Amino acid sequence: MTSTSHRDLIDGADAICDVLVVGSGASGLATAITAAHQGLNVIVAEQAPHFGGTTAISAGWAWVPGNPKGAERTEDTREEAETYLRALSPDTFDSSRVSDFLDTVPEAITFFEDNTEVNFVYPEKAPDYQMDLPGARIGGRAILPDDADVRMLGDRRKELQPYLSSYTVFGYMPQVGPDLNEFFHANQTVKSFTYVARKLLKTWADKAVSQQPLKRTNGSALITRMVASALKLGVRIWTSTPVDCLIQEENGEVIGAELSGKNAGTVRARLGVVLAGGGFTGNEALRTKYFPHDPNGDNHFTPTQGHNGTSAEMAISAGGYINNDVFTPGSWAPVTVFKHLDGRQRLFPHLRQIGLPGMITVDSEGRRFGNEALSYHDFGRAMLEHEKGARHTEAWVIADEKCMHKYGIGYAKPWPIPRKYFYDTGYLIRGGSLEELAGKLGVTAENLRSTVESFNEGARVGEDPEFGRGSTAYNHFRGDPEHKPNPNLAALDKAPYYAAKVQMGDLGSFAGLQTDAHSGVVREDGTTIPGLYSVGASAVSAFGGGYPGYGSHIGPALVFGYRMGRDIADLAAVTGGRSAAARAEQVRS
């Protein structure tokens with residue numbers, strides 16, 4: 001990725017727009033929709049053949065404290081949200097950035113619900129990830145997109161990013177909450193079995209007739225609704241169109257970009273270029289520089305889509321830099337790495353399952369090291385801290401036959417699904433006893449047995465004296481609400497035993513491009529690069545690298561994307577010098 005200064009390229013531009021947005025995830029589309037709503041001419045350039053990025057394969061939650069409906073129902077206050085965020089990452093808390101976020105949430109969510117196809121659902125319960133911190137709330141802050149029909153995209157529907165196949169249940173993507181709980185109990189009650197059967201039969205019928213499930217849930221629903229809104233507003237969304245480099249004037253102002261792929265050519269952006277192409281967790285060079293656990297580039301596995309660091313590389317070439325002064329540089333998510341039967345690599349991110357009753361996670365010595373019912377991010381932090389300095393960050397999720405029969409282990413489905421496939425792909429390992437399993441895993445058998453026996457003693461009475469698992473509302477939310485006495489705890493006491501290996505992955509980066517109060521990309525000397533902006537995971541975390549709750553990437557993506565689209569014409573007039581000011585005035589008139 002480079003930056004060039006070729007005025008002749010712009011004079012003979014293949015396309016002209018007011019705003020060029022790089023990336024089609026939540027932040028990029030939020031920018032495009034808001035700008036186009038004001039009458040601006042917008043192009044969205046997406047490097048992949050599908051639009052939606054990681055948002056489209058995510059759960060789709062947005063953490064937006066102060067959203068009008070949620071705040072009214074729960075009597076949540078701005079002060080409580082700020083208190084919680086400050087406690088979450090006190091050493092890297094950015095009061096200015098947090099204030100901008102909290103001040104804009106009500107306006108942004110109202111805009112999307114009143115002016116676009118985007119509708120939200122407001123769950124009664126979606127606990128903040130660290131319920132023991134001051135200001136935490138059990139609900140009202142995290143919201144969900146309403147389900148969508150992909151046919152609202154017309155002939156563009158096949159360009160929607162497919163679901164992450166390993167995270168679906170035979171093609172259907174369950175939603176966290178009541179929907180997912182029905183799937184957990186499909187092999188236990190007639191009611192749940194019937195519910196799941198209807199969902200799967202409809203999904204399979206749609207796929208047979210229409211080549212894809214028509215009903216979209218989670219992040220796929222959000223992207224479907226956002227793309228439909230953007231297209232109605234006349235936004236040009238170009239898939240399979242990477243942005244190769246930015247074009248700068250001699251004074252450093254970014255005035256356009258060179259594109260390749262399906263829509264190759266030079267684009268002139270009269271008001272600026274907005275980098276919204278995701279973080280850098282898929283970029284080995286940047287990862288080895290900013291992720292302490294991955295100095296050799298082989299100790300991290302990302303399930304994200306499009307987070308290859310191209311936005312960061314372009315901004316750095318233009319004079320920007322990555323701010324790594326954050327609580328954690330990434331949003332961690334333990335993953336299992338396994339193979340297709342044809343040998344291709346697959347990943348399964350463990351975003352909930354390890355908090356269920358009857359599972360524990362142990363290190364290479366056979367010992368537990370943390371509360372498995374923490375959020376995936378916080379458990380990932382515990383895993384990284386425990387394995388600090390190790391050549392490879394890895395652990396094992398362990399379950400007994402009762403747990404495997406009832407819940408499965410993540411991608412390895414419960415009874416009555418046959419298990420041979422999961423053994424053959426290397427996802428699941430079985431041992432007739434704890435000692436046999438330990439031998440296959442290469443962990444110390446005596447330690448594993450001692451760990452299980454110690455855990456079982458407390459689990460039988462609903463307690464975890466060692467790590468406090470099952471002690472908060474958030475822990476319980478990640479468990480089985482119908483399991484007693486504790487939704488997160490059950491003894492592992494029925495052979496055979498099963499294991500899945502977990503290594504470190506992520507849902508995006510928190511370290512990112514340093515930006516000013518208006519999302520303008522900043523140089524190391526503190527000056528802003530005129531005409532260049534960054535939102536979403538490509539920019540440094542608004543929360544200082546803290547992970548407050550469900551949707552901690554998508555919430556800021558929507559809010560700062562909205563601010564970007566709302567303000568870009570005025571920002572160009574103020575920061576872009578004489579030429580940009582003239583262009584901004586021309587656009588406004």
# chains A, B, ... in the order shown; residues from 1 in each chain; ligands from 1
>>> residues_around(residues="Gly154 of chain A", least_positions_apart="4", cutoff="10 Å", atoms="only C-alpha atoms", output="list in words")
Val150, Lys158 and Ala228 of chain A
>>> write_last_selection(atoms="C-alpha atoms", output="PDB file, in the first residue's frame")
ATOM      1  CA  VAL A 150     -32.237 -10.776   1.890  1.00  0.00           C
ATOM      2  CA  LYS A 158     -25.667 -12.750  -3.737  1.00  0.00           C
ATOM      3  CA  ALA A 228     -30.575  -1.742   1.254  1.00  0.00           C
TER       4      ALA A 228
END
>>> closest_residue(among="A:Asn41, A:Thr302, A:Thr425, A:Thr336", to="Glu394 of chain A", atoms="only C-alpha atoms")
A:Thr336
>>> residues_around(residues="Gly60 of chain A", least_positions_apart="4", cutoff="7 Å", atoms="only C-alpha atoms", output="VMD selection string")
chain A and resid 55 144 to 145 218 to 219 222 551
>>> closest_residue(among="A:Gly28, A:Gly177, A:Gly139, A:Gly23", to="Val64 of chain A", atoms="only C-alpha atoms")
A:Gly139
>>> atom_distance(atom1="atom CA of Lys202 of chain A", atom2="atom CA of Ser58 of chain A")
21.4 Å
>>> closest_residue(among="A:Ser534, A:Ser229, A:Thr168, A:Asn371", to="Val22 of chain A", atoms="only C-alpha atoms")
A:Ser534
>>> select_by_dssp(residues="segment 88-335 of chain A", states="helix (DSSP H, G or I)", output="number ranges by chain")
A: 88, 90-92, 95-115, 150-159, 165-167, 178-184, 190-210, 218-232, 261-263, 284-290, 310-317
>>> closest_residue(among="A:Arg478, A:Arg141, A:Arg86, A:Lys191", to="Arg73 of chain A", atoms="only C-alpha atoms")
A:Arg141
>>> residues_around(residues="Phe183 of chain A", least_positions_apart="4", cutoff="10 Å", atoms="only C-alpha atoms", output="list in words")
Val169, Pro174, Gln175, Pro178, Asp179, Asn187, Gln188, Ser192, Phe193, Tyr195, Val196, Ala197, Lys199 and Tyr407 of chain A
>>> residues_around(residues="Ala56 of chain A", least_positions_apart="2", cutoff="6 Å", atoms="only C-alpha atoms", output="ChimeraX atom specification")
/A:52-54,58,219-220,223
>>> closest_residue(among="A:Val535, A:Val274, A:Ala569, A:Leu513", to="Ala26 of chain A", atoms="only C-alpha atoms")
A:Val535
>>> residues_around(residues="Ala148 of chain A", least_positions_apart="5", cutoff="12 Å", atoms="only C-alpha atoms", output="PyMOL selection string")
chain A and resi 117-120+153+157+213-228
>>> write_last_selection(atoms="N, CA, C and O atoms", output="tab-separated table (two decimals), in the first residue's frame")
chain	number	residue	atom	x	y	z
A	117	GLU	N	-33.70	1.64	6.65
A	117	GLU	CA	-34.34	0.33	6.81
A	117	GLU	C	-33.90	-0.37	8.10
A	117	GLU	O	-34.39	-1.45	8.42
A	118	VAL	N	-32.98	0.23	8.83
A	118	VAL	CA	-32.45	-0.40	10.04
A	118	VAL	C	-33.46	-0.30	11.18
A	118	VAL	O	-33.90	0.79	11.53
A	119	ASN	N	-33.79	-1.46	11.74
A	119	ASN	CA	-34.63	-1.53	12.93
A	119	ASN	C	-33.88	-2.31	14.00
A	119	ASN	O	-33.17	-3.27	13.69
A	120	PHE	N	-34.07	-1.93	15.24
A	120	PHE	CA	-33.39	-2.61	16.33
A	120	PHE	C	-34.39	-3.30	17.26
A	120	PHE	O	-35.54	-2.89	17.38
A	153	LEU	N	-32.42	-6.75	-1.02
A	153	LEU	CA	-31.23	-6.30	-1.77
A	153	LEU	C	-31.38	-6.49	-3.27
A	153	LEU	O	-30.48	-6.12	-4.03
A	157	ARG	N	-28.26	-9.40	-3.84
A	157	ARG	CA	-28.30	-10.23	-2.63
A	157	ARG	C	-27.20	-11.28	-2.59
A	157	ARG	O	-26.75	-11.66	-1.51
A	213	PRO	N	-30.06	-18.80	2.38
A	213	PRO	CA	-31.17	-18.56	3.32
A	213	PRO	C	-31.72	-17.15	3.13
A	213	PRO	O	-30.96	-16.19	3.08
A	214	LEU	N	-33.03	-17.04	3.01
A	214	LEU	CA	-33.62	-15.73	2.78
A	214	LEU	C	-33.72	-14.91	4.06
A	214	LEU	O	-33.54	-13.70	4.04
A	215	LYS	N	-34.01	-15.58	5.16
A	215	LYS	CA	-34.07	-14.87	6.43
A	215	LYS	C	-32.67	-14.67	6.95
A	215	LYS	O	-31.92	-15.63	7.13
A	216	ARG	N	-32.30	-13.42	7.22
A	216	ARG	CA	-30.97	-13.12	7.73
A	216	ARG	C	-31.10	-12.66	9.18
A	216	ARG	O	-31.97	-11.85	9.52
A	217	THR	N	-30.22	-13.16	10.01
A	217	THR	CA	-30.22	-12.82	11.43
A	217	THR	C	-28.88	-12.20	11.79
A	217	THR	O	-27.97	-12.11	10.97
A	218	ASN	N	-28.78	-11.73	13.04
A	218	ASN	CA	-27.50	-11.26	13.57
A	218	ASN	C	-26.90	-10.14	12.72
A	218	ASN	O	-27.61	-9.30	12.18
A	219	GLY	N	-25.57	-10.16	12.58
A	219	GLY	CA	-24.89	-9.12	11.80
A	219	GLY	C	-25.26	-9.14	10.34
A	219	GLY	O	-25.23	-8.10	9.66
A	220	SER	N	-25.61	-10.31	9.83
A	220	SER	CA	-26.04	-10.40	8.43
A	220	SER	C	-27.31	-9.59	8.20
A	220	SER	O	-27.47	-8.94	7.16
A	221	ALA	N	-28.22	-9.59	9.18
A	221	ALA	CA	-29.44	-8.79	9.07
A	221	ALA	C	-29.11	-7.30	9.09
A	221	ALA	O	-29.69	-6.51	8.34
A	222	LEU	N	-28.18	-6.92	9.96
A	222	LEU	CA	-27.80	-5.51	10.02
A	222	LEU	C	-27.21	-5.03	8.69
A	222	LEU	O	-27.59	-3.97	8.17
A	223	ILE	N	-26.30	-5.82	8.14
A	223	ILE	CA	-25.70	-5.43	6.86
A	223	ILE	C	-26.74	-5.42	5.75
A	223	ILE	O	-26.76	-4.51	4.90
A	224	THR	N	-27.64	-6.40	5.74
A	224	THR	CA	-28.70	-6.42	4.73
A	224	THR	C	-29.50	-5.13	4.78
A	224	THR	O	-29.76	-4.48	3.74
A	225	ARG	N	-29.87	-4.71	5.96
A	225	ARG	CA	-30.68	-3.50	6.11
A	225	ARG	C	-29.87	-2.24	5.78
A	225	ARG	O	-30.40	-1.30	5.17
A	226	MET	N	-28.60	-2.23	6.14
A	226	MET	CA	-27.78	-1.05	5.84
A	226	MET	C	-27.48	-0.93	4.35
A	226	MET	O	-27.54	0.17	3.79
A	227	VAL	N	-27.18	-2.03	3.71
A	227	VAL	CA	-26.92	-1.99	2.27
A	227	VAL	C	-28.17	-1.58	1.52
A	227	VAL	O	-28.12	-0.76	0.59
A	228	ALA	N	-29.32	-2.13	1.91
A	228	ALA	CA	-30.58	-1.74	1.25
A	228	ALA	C	-30.81	-0.24	1.39
A	228	ALA	O	-31.23	0.43	0.44
>>> closest_residue(among="A:Pro485, A:Pro68, A:Pro106, A:Pro134", to="Val559 of chain A", atoms="only C-alpha atoms")
A:Pro106
>>> residues_around(residues="Leu233 of chain A", least_positions_apart="4", cutoff="10 Å", atoms="only C-alpha atoms", output="list of chain:residue names")
A:Ala32, A:Ile33, A:Thr34, A:Ala35, A:Ala36, A:His37, A:Gln38, A:Gly39, A:Leu40, A:Asn41, A:Val42, A:Thr116, A:Val227, A:Ala228, A:Ser229
>>> atom_distance(atom1="atom CA of Leu180 of chain A", atom2="atom CA of Pro123 of chain A")
13.7 Å
>>> atom_distance(atom1="atom CA of Asp18 of chain A", atom2="atom CA of Arg268 of chain A")
8.0 Å
>>> select_by_dssp(residues="segment 293-494 of chain A", states="strand (DSSP E or B)", output="PyMOL selection string")
chain A and resi 320+322-323+330-339+345-349+359-362+368+394-400+409+412+429-431
